[in-house]
$ cat query-v2.cif   # mmCIF, C-alpha atoms
data_data
#
loop_
_atom_site.label_atom_id
_atom_site.label_comp_id
_atom_site.auth_asym_id
_atom_site.auth_seq_id
_atom_site.Cartn_x
_atom_site.Cartn_y
_atom_site.Cartn_z
CA MET A 12 87.17 124.86 92.67
CA MET A 13 89.20 121.69 92.90
CA GLN A 14 91.17 121.10 89.72
CA SER A 15 91.52 117.64 88.23
CA ARG A 16 94.73 115.67 88.44
CA ARG A 17 96.62 115.53 85.14
CA LEU A 18 97.66 112.30 83.52
CA VAL A 19 101.12 111.25 84.64
CA LEU A 20 101.07 107.88 82.89
CA GLY A 21 101.22 109.11 79.31
CA ILE A 22 99.25 107.33 76.61
CA GLY A 23 101.28 104.24 75.79
CA ALA A 24 103.95 105.18 78.34
CA GLY A 25 105.41 103.04 81.11
CA LEU A 26 104.24 103.16 84.69
CA ALA A 27 105.21 106.15 86.83
CA ALA A 28 106.91 105.70 90.17
CA ALA A 29 104.49 105.12 93.01
CA ALA A 30 105.57 108.26 94.82
CA GLY A 31 105.17 110.48 91.75
CA GLY A 32 102.53 113.02 90.95
CA GLY A 33 103.17 115.25 93.92
CA ALA A 34 101.18 113.08 96.31
CA LEU A 35 100.78 114.34 99.87
CA TRP A 36 101.87 112.10 102.73
CA TYR A 37 100.05 111.50 105.99
CA SER A 38 100.43 109.48 109.16
CA ARG A 39 98.72 106.11 109.08
CA ALA A 40 95.75 104.79 111.03
CA ALA A 41 94.55 101.18 110.84
CA PRO A 42 91.69 100.73 108.33
CA GLU A 43 88.32 100.63 110.02
CA ALA A 44 86.08 100.72 106.95
CA PRO A 45 83.10 98.35 107.18
CA ALA A 46 82.80 95.48 104.76
CA PRO A 47 81.22 96.78 101.53
CA VAL A 48 77.57 95.91 100.98
CA PRO A 49 77.02 94.50 97.46
CA SER A 50 74.44 96.12 95.20
CA PRO A 51 72.29 93.88 92.97
CA GLN A 52 72.28 96.59 90.28
CA LEU A 53 75.87 95.93 89.29
CA SER A 54 76.66 93.83 86.21
CA GLU A 55 79.45 91.28 85.80
CA ASP A 56 81.05 90.06 82.58
CA GLY A 57 84.49 89.00 83.77
CA PRO A 58 87.23 91.17 85.29
CA MET A 59 87.03 93.75 82.47
CA GLY A 60 83.26 93.75 82.30
CA GLU A 61 81.30 96.93 82.87
CA ARG A 62 81.15 98.16 86.43
CA ALA A 63 78.13 100.36 86.89
CA ILE A 64 75.28 101.32 89.20
CA GLY A 65 71.78 102.26 88.13
CA ARG A 66 69.17 100.96 85.76
CA ALA A 67 70.42 99.56 82.46
CA ASP A 68 67.68 101.50 80.67
CA ALA A 69 68.28 104.84 82.40
CA PRO A 70 67.91 107.69 79.89
CA VAL A 71 71.28 109.26 80.76
CA VAL A 72 74.64 107.51 81.15
CA ILE A 73 77.47 109.15 83.09
CA ARG A 74 80.93 107.68 82.62
CA GLU A 75 83.50 108.52 85.26
CA PHE A 76 87.23 108.21 84.51
CA PHE A 77 89.06 108.10 87.83
CA SER A 78 92.27 107.02 89.54
CA MET A 79 92.38 105.39 92.97
CA THR A 80 95.24 107.71 94.02
CA CYS A 81 93.67 110.93 92.73
CA SER A 82 92.79 113.21 95.65
CA HIS A 83 90.31 115.14 93.49
CA CYS A 84 88.53 111.88 92.67
CA ALA A 85 88.30 111.28 96.42
CA THR A 86 86.84 114.76 96.87
CA PHE A 87 84.15 114.08 94.27
CA HIS A 88 83.22 110.74 95.81
CA ARG A 89 83.09 112.25 99.28
CA GLU A 90 81.23 115.46 98.51
CA ALA A 91 79.11 114.97 95.38
CA MET A 92 78.74 111.26 94.70
CA PRO A 93 76.34 110.50 97.60
CA GLN A 94 73.85 113.00 96.18
CA VAL A 95 74.46 111.83 92.61
CA LYS A 96 73.54 108.33 93.74
CA LYS A 97 70.52 109.41 95.77
CA GLU A 98 69.02 111.97 93.39
CA LEU A 99 70.08 110.68 89.98
CA VAL A 100 70.98 106.98 90.13
CA GLU A 101 68.46 105.64 92.63
CA THR A 102 65.64 107.57 90.96
CA GLY A 103 66.31 105.85 87.64
CA ARG A 104 67.47 108.96 85.82
CA VAL A 105 71.14 107.94 85.45
CA ARG A 106 73.29 104.89 84.92
CA PHE A 107 76.74 105.60 86.35
CA VAL A 108 79.61 103.68 84.74
CA PHE A 109 83.07 103.45 86.31
CA HIS A 110 86.22 103.51 84.16
CA ASP A 111 89.57 102.80 85.79
CA PHE A 112 92.06 105.45 84.66
CA PRO A 113 95.13 104.74 86.82
CA LEU A 114 97.71 107.50 87.03
CA ASP A 115 100.42 105.50 88.77
CA GLN A 116 101.49 101.99 89.76
CA ILE A 117 99.62 102.07 93.08
CA ALA A 118 96.36 103.02 91.39
CA LEU A 119 96.85 100.32 88.76
CA THR A 120 97.34 97.64 91.42
CA ALA A 121 94.26 98.85 93.31
CA ALA A 122 92.20 98.76 90.11
CA ALA A 123 93.30 95.18 89.42
CA VAL A 124 92.34 94.15 92.96
CA ALA A 125 88.95 95.84 92.63
CA ARG A 126 88.27 93.95 89.42
CA HIS A 127 89.10 90.63 91.05
CA LEU A 128 86.23 91.22 93.47
CA PRO A 129 82.68 90.20 92.54
CA ALA A 130 81.19 92.96 90.40
CA ALA A 131 78.66 93.77 93.11
CA SER A 132 81.54 94.63 95.48
CA TYR A 133 83.41 96.87 93.02
CA GLU A 134 81.68 100.20 93.72
CA PRO A 135 81.64 99.86 97.53
CA PHE A 136 85.33 98.87 97.47
CA VAL A 137 86.27 101.83 95.29
CA THR A 138 84.31 104.15 97.58
CA ALA A 139 86.10 102.76 100.65
CA LEU A 140 89.55 103.15 99.08
CA LEU A 141 88.92 106.70 97.91
CA ALA A 142 87.64 107.63 101.37
CA ALA A 143 90.81 106.30 103.01
CA GLN A 144 93.62 107.23 100.61
CA ASP A 145 95.71 108.56 103.50
CA ARG A 146 95.65 105.14 105.19
CA TRP A 147 96.76 102.90 102.34
CA ALA A 148 98.15 104.99 99.46
CA PHE A 149 99.85 108.07 100.91
CA ALA A 150 100.88 107.12 104.45
CA ARG A 151 104.58 107.55 105.17
CA GLY A 152 106.64 104.43 105.71
CA VAL A 153 103.97 101.80 105.03
CA ASN A 154 103.82 98.95 102.54
CA THR A 155 101.01 100.08 100.25
CA THR A 156 100.36 96.55 99.01
CA GLU A 157 99.88 95.25 102.54
CA GLU A 158 97.61 98.16 103.41
CA LEU A 159 95.58 97.47 100.28
CA ALA A 160 95.37 93.81 101.30
CA LYS A 161 93.67 94.82 104.55
CA PHE A 162 90.92 96.66 102.70
CA ALA A 163 90.54 93.77 100.27
CA ALA A 164 90.11 91.39 103.21
CA LEU A 165 87.32 93.60 104.56
CA ALA A 166 85.65 93.27 101.17
CA GLY A 167 85.83 89.49 101.43
CA LEU A 168 88.78 88.83 99.11
CA ALA A 169 90.88 85.91 100.31
CA ARG A 170 94.63 86.50 100.55
CA ALA A 171 95.41 83.99 97.78
CA ARG A 172 92.99 85.78 95.45
CA PHE A 173 94.46 89.15 96.45
CA ASP A 174 97.98 87.95 95.66
CA ALA A 175 96.73 86.65 92.30
CA ALA A 176 95.20 90.04 91.55
CA VAL A 177 98.42 91.88 92.38
CA ALA A 178 100.34 89.51 90.09
CA ASP A 179 97.77 89.60 87.26
CA GLU A 180 99.82 91.37 84.59
CA GLY A 181 97.33 90.41 81.90
CA LEU A 182 94.54 92.27 83.69
CA LYS A 183 96.79 95.25 84.39
CA SER A 184 97.67 95.44 80.70
CA ALA A 185 93.97 95.30 79.80
CA ILE A 186 93.23 98.13 82.24
CA LEU A 187 95.97 100.25 80.67
CA ARG A 188 94.73 99.50 77.15
CA ALA A 189 91.22 100.54 78.16
CA ARG A 190 92.63 103.70 79.76
CA ASP A 191 94.58 104.57 76.63
CA GLU A 192 91.57 103.95 74.40
CA ALA A 193 89.43 106.19 76.61
CA GLY A 194 92.11 108.87 76.41
CA ARG A 195 91.92 108.77 72.63
CA SER A 196 88.16 108.37 72.28
CA TYR A 197 87.07 110.95 74.85
CA ALA A 198 90.18 113.15 75.07
CA ILE A 199 90.62 112.27 78.74
CA ASP A 200 93.83 113.71 80.19
CA SER A 201 92.93 114.32 83.83
CA THR A 202 90.95 112.79 86.65
CA PRO A 203 88.22 112.82 87.52
CA SER A 204 86.61 113.34 84.13
CA PHE A 205 83.00 112.63 83.22
CA VAL A 206 81.24 112.02 79.92
CA LEU A 207 77.44 112.23 79.73
CA ASN A 208 75.23 110.78 77.02
CA GLY A 209 71.48 110.94 76.58
CA PRO A 210 68.74 111.84 74.10
CA GLY A 211 69.55 115.54 74.39
CA ALA A 212 73.35 115.51 74.22
CA LYS A 213 76.21 113.29 73.13
CA ASN A 214 79.62 113.05 74.81
CA LEU A 215 79.03 116.01 77.10
CA LYS A 216 82.32 116.30 79.01
CA LEU A 217 82.98 117.58 82.51
CA ALA A 218 86.35 117.58 84.28
CA GLY A 219 87.30 118.05 87.91
CA ALA A 220 85.67 117.44 91.29
CA ARG A 221 82.52 119.35 90.45
CA PRO A 222 79.61 119.91 92.85
CA TYR A 223 76.33 118.07 92.54
CA PRO A 224 74.31 120.97 91.01
CA GLU A 225 76.50 120.88 87.90
CA PHE A 226 75.70 117.20 87.42
CA ALA A 227 71.98 117.79 87.90
CA ARG A 228 72.04 120.57 85.32
CA LEU A 229 73.98 118.53 82.76
CA VAL A 230 71.82 115.45 83.33
CA GLN A 231 68.75 117.55 82.57
CA GLN A 232 70.46 118.80 79.41
CA ALA A 233 71.47 115.30 78.34
CA ALA A 234 67.99 113.95 79.01
CA GLY A 235 66.55 116.47 76.51
#
$ encode --input "query-v2.cif" --output "structure tokens"
Amino acid sequence: MMQSRRLVLGIGAGLAAAAGGGALWYSRAAPEAPAPVPSPQLSEDGPMGERAIGRADAPVVIREFFSMTCSHCATFHREAMPQVKKELVETGRVRFVFHDFPLDQIALTAAAVARHLPAASYEPFVTALLAAQDRWAFARGVNTTEELAKFAALAGLARARFDAAVADEGLKSAILRARDEAGRSYAIDSTPSFVLNGPGAKNLKLAGARPYPEFARLVQQAAG
């Protein structure tokens, strides 16, 4: 079983170095991800507004705490998330809420860029970045900001807006405050972590890149 990545940006601590956390390094290929397709189910209340997919009145809410540079988060989104979306979100059983939980400076910058996109583009952009970590985050000898800019351009973010996102220290501070509050409220210390709530269970926690059947079982338990 894939184990979750432990928090390297301690609660209230400064940012870790971009190369920290034992990241693996790969050779780079040019990004070829298609432009994300917006989903009308996503809500928007400013850059720090909720980013979620699924019906607002779904009986079960799953909150994911993830980092853009977490390889285990990428594993979950590659292997389990497509079925979670198809079987649980699109059927109206689950509302899936995304919580940025950056573990390093690169992940924090990526989270800020994602939140400068229209809310409808947030989830597709996150999915694209997690699927291509080796191209923009971990490739040897590349400028990670410039690689991130290429993916942002594919998502429709103009370069001036991208540069503003990278320089948005207020938003980055807000993301870190939200991360720290989540760490305290839900005892989150690794990524990915999930918290489920529904009529049958409150704050049901799951950590690590778990397979889809575990989610289906816990959703049934949370639904009551």
$ resolve_selection --input "query-v2.cif" --expression "the PyMOL selection byres ((chain A and resi 79-85) around 6)" --output "JSON list (two decimals) with C-alpha atoms, in the frame of the given file"
[["chain", "number", "residue", "atom", "x", "y", "z"],
["A", 15, "SER", "CA", 91.52, 117.64, 88.23],
["A", 78, "SER", "CA", 92.27, 107.02, 89.54],
["A", 86, "THR", "CA", 86.84, 114.76, 96.87],
["A", 87, "PHE", "CA", 84.15, 114.08, 94.27],
["A", 88, "HIS", "CA", 83.22, 110.74, 95.81],
["A", 118, "ALA", "CA", 96.36, 103.02, 91.39],
["A", 141, "LEU", "CA", 88.92, 106.70, 97.91],
["A", 203, "PRO", "CA", 88.22, 112.82, 87.52],
["A", 220, "ALA", "CA", 85.67, 117.44, 91.29]]
$ atom_distance --input "query-v2.cif" --atom1 "CA of Arg126 in chain A" --atom2 "CA of Arg74 in chain A"
17.0 Å
$ closest_residue --input "query-v2.cif" --among "A:Ala139, A:Ala233, A:Val105, A:Leu215" --to "Val72 in chain A" --atoms "all atoms listed in the file"
A:Val105
$ closest_residue --input "query-v2.cif" --among "A:Val71, A:Ala160, A:Leu140, A:Ala63" --to "Val206 in chain A" --atoms "all atoms listed in the file"
A:Val71
$ closest_residue --input "query-v2.cif" --among "A:Ala150, A:Ala185, A:Leu207, A:Ile64" --to "Ser132 in chain A" --atoms "only C-alpha atoms"
A:Ile64
$ closest_residue --input "query-v2.cif" --among "A:Asn208, A:Thr156, A:Thr138, A:Asn214" --to "Arg104 in chain A" --atoms "all atoms listed in the file"
A:Asn208
$ atom_distance --input "query-v2.cif" --atom1 "CA of Ile117 in chain A" --atom2 "CA of Gly181 in chain A"
16.3 Å
$ closest_residue --input "query-v2.cif" --among "A:Phe205, A:Pro113, A:Gly60, A:Leu119" --to "Arg221 in chain A" --atoms "only C-alpha atoms"
A:Phe205
$ closest_residue --input "query-v2.cif" --among "A:Ala227, A:Val177, A:Ala189, A:Leu165" --to "Met92 in chain A" --atoms "all atoms listed in the file"
A:Ala227
$ resolve_selection --input "query-v2.cif" --expression "the PyMOL selection byres ((chain A and resi 70) around 12)" --output "MDAnalysis selection string"
chainID A and resid 65:69 71:73 99:100 102:107 207:212 230:235
$ residues_near_point --input "query-v2.cif" --point "(89.0, 104.7, 78.6)" --cutoff "12 Å" --atoms "all atoms listed in the file" --output "PyMOL selection string"
chain A and resi 22+59+61+74-78+108-113+185-202+204-206
$ atom_distance --input "query-v2.cif" --atom1 "CA of Leu159 in chain A" --atom2 "CA of Val124 in chain A"
8.7 Å
$ resolve_selection --input "query-v2.cif" --expression "the PyMOL selection byres ((chain A and resi 147) around 9)" --output "PyMOL selection string"
chain A and resi 39-42+140+143-146+148-150+153-159+161-162
$ decode --input "query-v2.cif" --residues "range 89-196 of chain A" --atoms "C-alpha atoms" --output "compact mmCIF listing (two decimals), in the first residue's frame"
# COMPACT_ATOMS: atom_id res chain seq x y z
CA ARG A 89 -4.48 8.53 -11.26
CA GLU A 90 -5.73 5.23 -9.89
CA ALA A 91 -8.77 5.86 -7.68
CA MET A 92 -10.14 9.32 -8.41
CA PRO A 93 -11.62 8.51 -11.86
CA GLN A 94 -13.82 5.84 -10.27
CA VAL A 95 -14.62 8.05 -7.28
CA LYS A 96 -15.88 10.67 -9.71
CA LYS A 97 -17.81 8.21 -11.87
CA GLU A 98 -19.38 6.05 -9.18
CA LEU A 99 -19.74 8.46 -6.26
CA VAL A 100 -19.66 12.08 -7.46
CA GLU A 101 -21.51 11.87 -10.76
CA THR A 102 -24.23 9.69 -9.23
CA GLY A 103 -25.01 12.36 -6.63
CA ARG A 104 -23.83 10.35 -3.64
CA VAL A 105 -20.77 12.50 -2.82
CA ARG A 106 -19.61 16.09 -2.89
CA PHE A 107 -15.82 16.11 -3.18
CA VAL A 108 -14.09 19.17 -1.72
CA PHE A 109 -10.44 20.02 -2.44
CA HIS A 110 -8.19 21.49 0.24
CA ASP A 111 -4.73 22.73 -0.72
CA PHE A 112 -2.21 21.37 1.78
CA PRO A 113 1.15 22.38 0.25
CA LEU A 114 4.20 20.59 1.59
CA ASP A 115 6.82 22.79 -0.07
CA GLN A 116 7.35 26.05 -1.93
CA ILE A 117 6.67 24.53 -5.35
CA ALA A 118 3.33 23.11 -4.22
CA LEU A 119 2.38 26.44 -2.64
CA THR A 120 3.08 28.32 -5.87
CA ALA A 121 1.08 25.77 -7.87
CA ALA A 122 -1.84 26.08 -5.45
CA ALA A 123 -1.82 29.87 -5.80
CA VAL A 124 -1.83 29.58 -9.59
CA ALA A 125 -4.70 27.08 -9.48
CA ARG A 126 -6.74 29.46 -7.35
CA HIS A 127 -6.19 32.31 -9.79
CA LEU A 128 -7.96 30.25 -12.44
CA PRO A 129 -11.76 30.35 -12.74
CA ALA A 130 -13.20 27.95 -10.19
CA ALA A 131 -14.52 25.70 -12.96
CA SER A 132 -10.93 25.16 -14.17
CA TYR A 133 -9.48 24.35 -10.74
CA GLU A 134 -10.14 20.59 -10.63
CA PRO A 135 -9.06 19.87 -14.23
CA PHE A 136 -5.88 21.92 -13.68
CA VAL A 137 -5.04 20.08 -10.47
CA THR A 138 -5.64 16.76 -12.20
CA ALA A 139 -3.33 17.75 -15.07
CA LEU A 140 -0.54 18.87 -12.73
CA LEU A 141 -0.72 15.74 -10.59
CA ALA A 142 -0.62 13.57 -13.72
CA ALA A 143 2.53 15.32 -14.95
CA GLN A 144 4.59 15.96 -11.81
CA ASP A 145 7.71 14.62 -13.52
CA ARG A 146 7.43 17.28 -16.24
CA TRP A 147 7.08 20.42 -14.16
CA ALA A 148 7.93 19.70 -10.51
CA PHE A 149 10.63 17.02 -10.40
CA ALA A 150 12.48 17.26 -13.71
CA ARG A 151 16.21 17.80 -13.38
CA GLY A 152 17.61 21.14 -14.48
CA VAL A 153 14.35 22.91 -15.36
CA ASN A 154 12.81 26.13 -14.10
CA THR A 155 9.75 24.86 -12.26
CA THR A 156 7.99 28.22 -12.48
CA GLU A 157 8.37 28.31 -16.25
CA GLU A 158 7.16 24.74 -16.56
CA LEU A 159 4.16 25.58 -14.40
CA ALA A 160 3.49 28.59 -16.63
CA LYS A 161 3.15 26.28 -19.64
CA PHE A 162 0.44 24.25 -17.94
CA ALA A 163 -1.31 27.43 -16.80
CA ALA A 164 -1.31 28.68 -20.39
CA LEU A 165 -2.98 25.45 -21.50
CA ALA A 166 -5.66 26.15 -18.89
CA GLY A 167 -6.24 29.59 -20.38
CA LEU A 168 -4.37 31.71 -17.83
CA ALA A 169 -2.69 34.71 -19.44
CA ARG A 170 0.99 35.24 -18.61
CA ALA A 171 0.29 38.51 -16.77
CA ARG A 172 -2.27 36.76 -14.58
CA PHE A 173 0.12 33.87 -14.01
CA ASP A 174 2.88 36.25 -12.90
CA ALA A 175 0.39 37.95 -10.56
CA ALA A 176 -0.52 34.58 -9.07
CA VAL A 177 3.12 33.66 -8.46
CA ALA A 178 3.67 37.03 -6.76
CA ASP A 179 0.43 36.91 -4.72
CA GLU A 180 1.88 36.64 -1.22
CA GLY A 181 -1.47 37.46 0.34
CA LEU A 182 -3.09 34.44 -1.28
CA LYS A 183 -0.14 32.22 -0.39
CA SER A 184 -0.43 33.29 3.24
CA ALA A 185 -4.16 32.54 3.17
CA ILE A 186 -3.48 29.07 1.75
CA LEU A 187 -0.97 28.38 4.52
CA ARG A 188 -3.37 29.64 7.19
CA ALA A 189 -6.08 27.34 5.84
CA ARG A 190 -3.59 24.46 5.77
CA ASP A 191 -2.56 25.09 9.37
CA GLU A 192 -6.18 25.34 10.51
CA ALA A 193 -6.98 22.04 8.78
CA GLY A 194 -3.98 20.47 10.48
CA ARG A 195 -5.35 21.50 13.85
CA SER A 196 -9.03 20.82 13.18
